[in-house]
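Report on the structure given below.
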Amino acid sequence: MTEIEIGRNKRARRAYSLDDVAVVPSRRTRNPEDVSLDWQIDAYSFSMPVIGAPMDSVMSPATAIALGRLGGLGVLNLEGLWTRYEDPQPLLDEIAELESSGVNPTRRMQEIYAEPIKAELIKARLNEMREAGVTVAGSLTPQNTQEFYKTVLDAGVEIFVIRATTVSAEHVSTQAEPLNLKKFIYELDVPVIVGGAAGYTPALHLMRTGAAGVLVGFGGGANSTTRRALGIHAPMATAIADVAAARSDYLDESGGRYVHVIADGGLGTSGDLTRAVAMGADAVMLGTALARAEEAPGKGYHWGPEAHHHELPRGDHKHVGTVAPLEQLLFGPAERPDGTSNILGALRRAMATTGYSDLKEFQRCEVVVSPYPAHR
């Protein structure tokens, strides 16, 4: 493994973002209609490898249902506005106007999200998704998992997501009893997706907890300021490849247990999605890309939980614009050439152009480091 000498006392690995890599065509091509985008995790099957990020600007109960009916998986943020307020729409409308109102967006969002989470609203929102007939998925941070997970399970969640900027299998704390992920996941009857992780070793430890999937990413989203605020960042191409290596080693170590690698962050265009799968991702969790849908609750604005952290905000309230209805954004036809719509059509065409028939095959495609990185 090549390291670069930064100075006499420090060496570092060279890491690559998704913009730094490109897929190379092979000797074979095929018809796009012959390409399968099917993805399955545990007992749940989907016709596309897309998970809606549990962010208030992206997923409401209605958009999670809409994504589920189109063949993806919508994950509701169970610590968001939908579980704090009976009717969050006026607050969503207000957040969409913050940039032009002269109000400090971060301070106002901190005030809005100070409202306590309500267990009865968690049940109501998940029940709404279940009654619609889609796979029910909800997300909590590790800090709130122990308090609310029984409520979530009683409400009939089918896939449980434990998501934060970074999640480790071993959290050390002298202030409170930390969440024991291995014990917790072992006792649950539903598949758990956990993350983020951004390297081989932390991902391997998360896989050993029994997780069905590991989210890959750290501060890579369009609205994240983690790199500026904390000085921590993991370029996504390298992170995905490292975690995919952990998946392979754990498959051998466990005697055949496959843990899904899910890219989460820095996936704003169809080209990013293509490169993420090429680097080894089984599926992608989309935030920015889906925030551009006409149905998105953020109305063209995008923000994550880190944007309103009560002590150290690490995210922007960012205008990403509105591109198309959700179905057109996913399946086309595209009306712009920038990779922000027909994102699954683009993935299908990329796989066909390089001759691969399914996602697992496409992970074996040849990639190069490009001297001319793609720019959004």
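Here's how to read the names in the structure tokens: chain A, B, ... by the order shown, residue numbers from 1 in each chain, ligand numbers from 1 in the order shown.
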
Among range 182-261 of chain A, which residues does DSSP mark as helix (DSSP H, G or I) when it is run on the backbone? Keep the chain and numbering as in the structure and answer as number ranges by chain. A: 182-187, 200-208, 226-230, 236-253

Can you write out the residues you just picked, keeping N, CA and C atoms, as an mmCIF file, in the first residue's frame?
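Saved the output as out_37.cif:
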```
data_model
loop_
_atom_site.group_PDB
_atom_site.id
_atom_site.type_symbol
_atom_site.label_atom_id
_atom_site.label_comp_id
_atom_site.auth_asym_id
_atom_site.auth_seq_id
_atom_site.Cartn_x
_atom_site.Cartn_y
_atom_site.Cartn_z
ATOM 1 N N LYS A 182 -23.674 -5.240 19.392
ATOM 2 C CA LYS A 182 -23.726 -6.679 19.149
ATOM 3 C C LYS A 182 -24.862 -7.326 19.918
ATOM 4 N N LYS A 183 -25.005 -6.974 21.187
ATOM 5 C CA LYS A 183 -26.088 -7.521 22.015
ATOM 6 C C LYS A 183 -27.439 -7.033 21.508
ATOM 7 N N PHE A 184 -27.501 -5.757 21.151
ATOM 8 C CA PHE A 184 -28.747 -5.157 20.703
ATOM 9 C C PHE A 184 -29.237 -5.802 19.403
ATOM 10 N N ILE A 185 -28.361 -5.910 18.423
ATOM 11 C CA ILE A 185 -28.751 -6.475 17.129
ATOM 12 C C ILE A 185 -29.111 -7.949 17.265
ATOM 13 N N TYR A 186 -28.389 -8.670 18.115
ATOM 14 C CA TYR A 186 -28.655 -10.095 18.321
ATOM 15 C C TYR A 186 -30.071 -10.322 18.850
ATOM 16 N N GLU A 187 -30.555 -9.406 19.686
ATOM 17 C CA GLU A 187 -31.858 -9.577 20.325
ATOM 18 C C GLU A 187 -33.025 -9.116 19.464
ATOM 19 N N TYR A 200 -11.845 0.099 6.601
ATOM 20 C CA TYR A 200 -11.886 -1.355 6.678
ATOM 21 C C TYR A 200 -12.153 -1.850 8.100
ATOM 22 N N THR A 201 -11.344 -1.415 9.060
ATOM 23 C CA THR A 201 -11.436 -1.957 10.414
ATOM 24 C C THR A 201 -12.764 -1.610 11.098
ATOM 25 N N PRO A 202 -13.203 -0.334 11.104
ATOM 26 C CA PRO A 202 -14.500 -0.059 11.734
ATOM 27 C C PRO A 202 -15.655 -0.786 11.056
ATOM 28 N N ALA A 203 -15.593 -0.937 9.730
ATOM 29 C CA ALA A 203 -16.658 -1.649 9.027
ATOM 30 C C ALA A 203 -16.665 -3.126 9.402
ATOM 31 N N LEU A 204 -15.490 -3.733 9.485
ATOM 32 C CA LEU A 204 -15.408 -5.148 9.853
ATOM 33 C C LEU A 204 -15.991 -5.382 11.243
ATOM 34 N N HIS A 205 -15.722 -4.482 12.174
ATOM 35 C CA HIS A 205 -16.277 -4.618 13.527
ATOM 36 C C HIS A 205 -17.797 -4.447 13.518
ATOM 37 N N LEU A 206 -18.303 -3.540 12.686
ATOM 38 C CA LEU A 206 -19.753 -3.396 12.581
ATOM 39 C C LEU A 206 -20.386 -4.655 11.989
ATOM 40 N N MET A 207 -19.731 -5.259 11.017
ATOM 41 C CA MET A 207 -20.242 -6.501 10.434
ATOM 42 C C MET A 207 -20.309 -7.606 11.484
ATOM 43 N N ARG A 208 -19.351 -7.627 12.378
ATOM 44 C CA ARG A 208 -19.321 -8.659 13.424
ATOM 45 C C ARG A 208 -20.419 -8.481 14.464
ATOM 46 N N THR A 226 -18.774 18.905 7.893
ATOM 47 C CA THR A 226 -17.973 18.174 8.867
ATOM 48 C C THR A 226 -16.480 18.361 8.623
ATOM 49 N N ARG A 227 -16.089 18.400 7.366
ATOM 50 C CA ARG A 227 -14.658 18.554 7.078
ATOM 51 C C ARG A 227 -14.158 19.907 7.561
ATOM 52 N N ARG A 228 -14.969 20.952 7.377
ATOM 53 C CA ARG A 228 -14.553 22.284 7.839
ATOM 54 C C ARG A 228 -14.624 22.394 9.359
ATOM 55 N N ALA A 229 -15.671 21.792 9.962
ATOM 56 C CA ALA A 229 -15.887 21.952 11.399
ATOM 57 C C ALA A 229 -14.978 21.057 12.238
ATOM 58 N N LEU A 230 -14.772 19.814 11.798
ATOM 59 C CA LEU A 230 -14.006 18.857 12.590
ATOM 60 C C LEU A 230 -12.678 18.468 11.972
ATOM 61 N N MET A 236 -15.035 9.119 -0.809
ATOM 62 C CA MET A 236 -15.966 8.015 -0.904
ATOM 63 C C MET A 236 -15.468 6.841 -1.733
ATOM 64 N N ALA A 237 -14.762 7.057 -2.810
ATOM 65 C CA ALA A 237 -14.318 5.922 -3.630
ATOM 66 C C ALA A 237 -13.435 4.986 -2.812
ATOM 67 N N THR A 238 -12.486 5.547 -2.095
ATOM 68 C CA THR A 238 -11.609 4.740 -1.259
ATOM 69 C C THR A 238 -12.376 4.108 -0.109
ATOM 70 N N ALA A 239 -13.281 4.874 0.517
ATOM 71 C CA ALA A 239 -14.052 4.338 1.642
ATOM 72 C C ALA A 239 -14.883 3.133 1.215
ATOM 73 N N ILE A 240 -15.562 3.237 0.073
ATOM 74 C CA ILE A 240 -16.393 2.124 -0.397
ATOM 75 C C ILE A 240 -15.528 0.905 -0.688
ATOM 76 N N ALA A 241 -14.403 1.114 -1.372
ATOM 77 C CA ALA A 241 -13.518 -0.006 -1.700
ATOM 78 C C ALA A 241 -12.972 -0.673 -0.435
ATOM 79 N N ASP A 242 -12.634 0.120 0.579
ATOM 80 C CA ASP A 242 -12.130 -0.442 1.841
ATOM 81 C C ASP A 242 -13.201 -1.271 2.537
ATOM 82 N N VAL A 243 -14.424 -0.761 2.582
ATOM 83 C CA VAL A 243 -15.500 -1.484 3.261
ATOM 84 C C VAL A 243 -15.904 -2.720 2.462
ATOM 85 N N ALA A 244 -15.833 -2.640 1.129
ATOM 86 C CA ALA A 244 -16.098 -3.819 0.303
ATOM 87 C C ALA A 244 -15.067 -4.912 0.577
ATOM 88 N N ALA A 245 -13.820 -4.521 0.838
ATOM 89 C CA ALA A 245 -12.793 -5.501 1.201
ATOM 90 C C ALA A 245 -13.125 -6.149 2.535
ATOM 91 N N ALA A 246 -13.639 -5.359 3.483
ATOM 92 C CA ALA A 246 -14.063 -5.917 4.773
ATOM 93 C C ALA A 246 -15.208 -6.900 4.572
ATOM 94 N N ARG A 247 -16.126 -6.581 3.658
ATOM 95 C CA ARG A 247 -17.244 -7.486 3.360
ATOM 96 C C ARG A 247 -16.722 -8.844 2.874
ATOM 97 N N SER A 248 -15.745 -8.828 1.975
ATOM 98 C CA SER A 248 -15.188 -10.075 1.442
ATOM 99 C C SER A 248 -14.494 -10.885 2.535
ATOM 100 N N ASP A 249 -13.709 -10.209 3.371
ATOM 101 C CA ASP A 249 -12.998 -10.915 4.433
ATOM 102 C C ASP A 249 -13.965 -11.455 5.481
ATOM 103 N N TYR A 250 -15.018 -10.691 5.781
ATOM 104 C CA TYR A 250 -16.001 -11.164 6.755
ATOM 105 C C TYR A 250 -16.802 -12.339 6.192
ATOM 106 N N LEU A 251 -17.043 -12.351 4.888
ATOM 107 C CA LEU A 251 -17.735 -13.469 4.248
ATOM 108 C C LEU A 251 -16.961 -14.763 4.502
ATOM 109 N N ASP A 252 -15.637 -14.701 4.384
ATOM 110 C CA ASP A 252 -14.801 -15.874 4.659
ATOM 111 C C ASP A 252 -14.767 -16.187 6.152
ATOM 112 N N GLU A 253 -14.597 -15.146 6.948
ATOM 113 C CA GLU A 253 -14.492 -15.319 8.402
ATOM 114 C C GLU A 253 -15.741 -15.938 9.002
#
```

Give me, as a list in words, all polymer residues having an atom no more than 9 Å from Asp264 in chain A, counting only C-alpha atoms and skipping those fewer than 2 positions away in the same chain.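 The neighbour list is Ala53, Gly195, Gly196, Leu215, Val216, Gly217, Phe218, Gly220, Gly221, Met236, Ile262, Gly266, Leu267, Val284, Met285, Leu286 and Gly287 of chain A.
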
Hey, what does DSSP flag as strand (DSSP E or B) within range 229-264 of chain A? Can you give it to me as a ChimeraX atom specification? /A:260-264

Which residues, written as a ChimeraX atom specification, have at least one atom at most 7 Å from Ala291 in chain A, with only C-alpha atoms counted and residues fewer than 6 positions away on the same chain left out? /A:57-58,298,300,302

Would you mind exporting the chosen residues as a PDB file, in the first residue's frame, restricted to N, CA and C atoms?
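part-v2.pdb, freshly written:
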```
ATOM      1  N   SER A  57     -35.670  16.767   4.767  1.00  0.00           N
ATOM      2  CA  SER A  57     -35.792  17.420   3.468  1.00  0.00           C
ATOM      3  C   SER A  57     -36.027  16.423   2.347  1.00  0.00           C
ATOM      4  N   VAL A  58     -35.884  15.135   2.637  1.00  0.00           N
ATOM      5  CA  VAL A  58     -35.950  14.090   1.619  1.00  0.00           C
ATOM      6  C   VAL A  58     -37.156  13.164   1.809  1.00  0.00           C
ATOM      7  N   GLY A 298     -38.521  19.151   1.515  1.00  0.00           N
ATOM      8  CA  GLY A 298     -37.695  20.346   1.649  1.00  0.00           C
ATOM      9  C   GLY A 298     -37.958  21.427   0.626  1.00  0.00           C
ATOM     10  N   GLY A 300     -36.975  21.893  -2.443  1.00  0.00           N
ATOM     11  CA  GLY A 300     -35.770  22.373  -3.119  1.00  0.00           C
ATOM     12  C   GLY A 300     -34.634  22.717  -2.184  1.00  0.00           C
ATOM     13  N   HIS A 302     -32.222  21.402   1.231  1.00  0.00           N
ATOM     14  CA  HIS A 302     -31.735  20.132   1.761  1.00  0.00           C
ATOM     15  C   HIS A 302     -30.935  20.388   3.031  1.00  0.00           C
TER      16      HIS A 302
END
```

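Distances here use only C-alpha atoms; by that measure, the residue among A:Glu99, A:Gly7, A:Phe160, A:Arg130 closest to Val75 in chain A is A:Phe160.
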
Residue nearest Asp282 in chain A among A:Gly213, A:Pro142, A:Pro90, A:Pro235 (counting only C-alpha atoms):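 Among A:Gly213, A:Pro142, A:Pro90, A:Pro235, it is A:Gly213 that comes nearest to Asp282 in chain A.
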
Can you tell me, as a short mmCIF file (atom, residue, chain, number, x, y, z; two decimals) with N, CA and C atoms, in the first residue's frame, what residues are no more than 9 Å from Val277 in chain A when counting only C-alpha atoms, ignoring any on the same chain fewer than 2 positions away?
```cif
data_model
loop_
_atom_site.label_atom_id
_atom_site.label_comp_id
_atom_site.auth_asym_id
_atom_site.auth_seq_id
_atom_site.Cartn_x
_atom_site.Cartn_y
_atom_site.Cartn_z
N ILE A 240 -15.56 3.24 0.07
CA ILE A 240 -16.39 2.12 -0.40
C ILE A 240 -15.53 0.91 -0.69
N ALA A 263 -23.51 2.76 0.08
CA ALA A 263 -22.86 4.07 -0.01
C ALA A 263 -23.81 5.14 0.46
N ASP A 272 -22.34 9.56 -9.94
CA ASP A 272 -21.86 9.17 -8.61
C ASP A 272 -22.41 7.81 -8.22
N LEU A 273 -23.70 7.58 -8.52
CA LEU A 273 -24.31 6.30 -8.21
C LEU A 273 -23.60 5.17 -8.96
N THR A 274 -23.33 5.38 -10.23
CA THR A 274 -22.64 4.38 -11.05
C THR A 274 -21.26 4.06 -10.47
N ARG A 275 -20.51 5.10 -10.13
CA ARG A 275 -19.16 4.88 -9.61
C ARG A 275 -19.19 4.21 -8.23
N MET A 279 -17.32 0.71 -7.36
CA MET A 279 -16.31 0.57 -6.31
C MET A 279 -16.66 -0.53 -5.31
N GLY A 280 -17.88 -1.08 -5.40
CA GLY A 280 -18.22 -2.21 -4.53
C GLY A 280 -19.49 -2.07 -3.73
N ALA A 281 -20.24 -0.98 -3.89
CA ALA A 281 -21.48 -0.81 -3.13
C ALA A 281 -22.59 -1.72 -3.67
N ASP A 282 -23.37 -2.29 -2.77
CA ASP A 282 -24.54 -3.09 -3.16
C ASP A 282 -25.74 -2.21 -3.42
N ALA A 283 -25.80 -1.08 -2.72
CA ALA A 283 -26.92 -0.15 -2.85
C ALA A 283 -26.43 1.23 -2.44
N VAL A 284 -27.27 2.24 -2.66
CA VAL A 284 -26.91 3.61 -2.29
C VAL A 284 -28.03 4.23 -1.48
N LEU A 359 -26.03 -6.02 -10.73
CA LEU A 359 -25.23 -5.18 -9.86
C LEU A 359 -23.98 -5.89 -9.34
N LYS A 360 -24.13 -7.15 -8.98
CA LYS A 360 -23.00 -7.89 -8.43
C LYS A 360 -21.89 -8.04 -9.47
N PHE A 362 -21.38 -5.96 -11.92
CA PHE A 362 -20.83 -4.63 -12.21
C PHE A 362 -19.77 -4.21 -11.20
N GLN A 363 -19.82 -4.77 -9.99
CA GLN A 363 -18.80 -4.46 -8.99
C GLN A 363 -17.41 -4.92 -9.44
#
```

Using only C-alpha atoms, find the one residue out of A:Arg30, A:Arg292, A:Lys150, A:Lys299 that sits nearest to Arg348 in chain A.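 Nearest to Arg348 in chain A: A:Arg30.
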
Could you list, as a PyMOL selection string, every residue within 9 Å of Gln328 in chain A, counting only C-alpha atoms and ignoring same-chain residues fewer than 5 positions away? chain A and resi 293+333-334+341-342

Please produce a file of those selected residues containing C-alpha atoms, as a PDB file, in the first residue's frame.
```
ATOM      1  CA  ALA A 293     -37.834  15.709  -6.470  1.00  0.00           C
ATOM      2  CA  PRO A 333     -37.085  10.783 -19.392  1.00  0.00           C
ATOM      3  CA  ALA A 334     -34.429  13.316 -18.451  1.00  0.00           C
ATOM      4  CA  SER A 341     -32.691  12.991 -13.444  1.00  0.00           C
ATOM      5  CA  ASN A 342     -33.260   9.513 -14.869  1.00  0.00           C
TER       6      ASN A 342
END
```

Skip Tyr113 in chain A itself and residues of its chain fewer than 2 positions away, then list as a ChimeraX atom specification all residues within 10 Å of it, counting only C-alpha atoms. /A:79-81,84-85,108-111,115-117,305,308-310

Fewer than 4 positions away in the same chain doesn't count, so skip those; otherwise give me all residues within 9 Å of Thr141 in chain A, counting only C-alpha atoms, as a short mmCIF file (atom, residue, chain, number, x, y, z; two decimals) with N, CA and C atoms, in the first residue's frame.
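Final file, around-v7.cif:
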```
data_model
loop_
_atom_site.label_atom_id
_atom_site.label_comp_id
_atom_site.auth_asym_id
_atom_site.auth_seq_id
_atom_site.Cartn_x
_atom_site.Cartn_y
_atom_site.Cartn_z
N LEU A 78 -36.86 9.03 12.40
CA LEU A 78 -37.74 8.95 13.56
C LEU A 78 -37.37 9.94 14.65
N GLU A 79 -36.42 10.83 14.34
CA GLU A 79 -36.09 11.93 15.24
C GLU A 79 -36.33 13.27 14.57
N THR A 145 -31.53 5.26 20.31
CA THR A 145 -32.00 3.90 19.99
C THR A 145 -32.53 3.18 21.22
N VAL A 161 -32.76 1.12 10.91
CA VAL A 161 -31.51 1.78 10.55
C VAL A 161 -30.98 2.56 11.75
N ILE A 162 -29.74 2.29 12.12
CA ILE A 162 -29.06 3.07 13.15
C ILE A 162 -28.02 3.89 12.42
N ARG A 163 -28.27 5.20 12.35
CA ARG A 163 -27.46 6.06 11.47
C ARG A 163 -26.98 7.31 12.20
N ALA A 164 -25.73 7.63 12.00
CA ALA A 164 -25.15 8.88 12.51
C ALA A 164 -23.97 9.21 11.61
N VAL A 167 -20.60 5.70 13.29
CA VAL A 167 -21.05 4.74 14.30
C VAL A 167 -19.96 3.69 14.45
#
```

Could you make a table, as a tab-separated table, of the residues of range 172-269 of chain A that have an atom within 12 Å of an atom of range 36-40 of chain A, each with its nearest atom pair and distance in Å to one decimal, counting only C-alpha atoms, in chain and number order?
```
residue	atom	partner	partner_atom	distance
A:Pro191	CA	A:Gln40	CA	11.9
A:Ala212	CA	A:Gln40	CA	10.9
A:Gly213	CA	A:Gln40	CA	11.1
A:Tyr258	CA	A:Gln40	CA	11.4
A:Val259	CA	A:Gln40	CA	11.3
A:His260	CA	A:Gln40	CA	9.3
A:Val261	CA	A:Trp39	CA	11.8
A:Ile262	CA	A:Trp39	CA	11.4
```

Could you take the residues named above and write them with C-alpha atoms, as a compact mmCIF listing (two decimals), in the first residue's frame?
```txt
# COMPACT_ATOMS: atom_id res chain seq x y z
CA PRO A 191 -32.53 -6.72 9.93
CA ALA A 212 -27.37 -6.82 7.70
CA GLY A 213 -25.87 -3.75 6.05
CA TYR A 258 -22.94 -11.56 3.38
CA VAL A 259 -23.23 -7.99 4.72
CA HIS A 260 -24.43 -5.33 2.30
CA VAL A 261 -22.28 -2.27 1.64
CA ILE A 262 -24.45 0.83 1.22
```
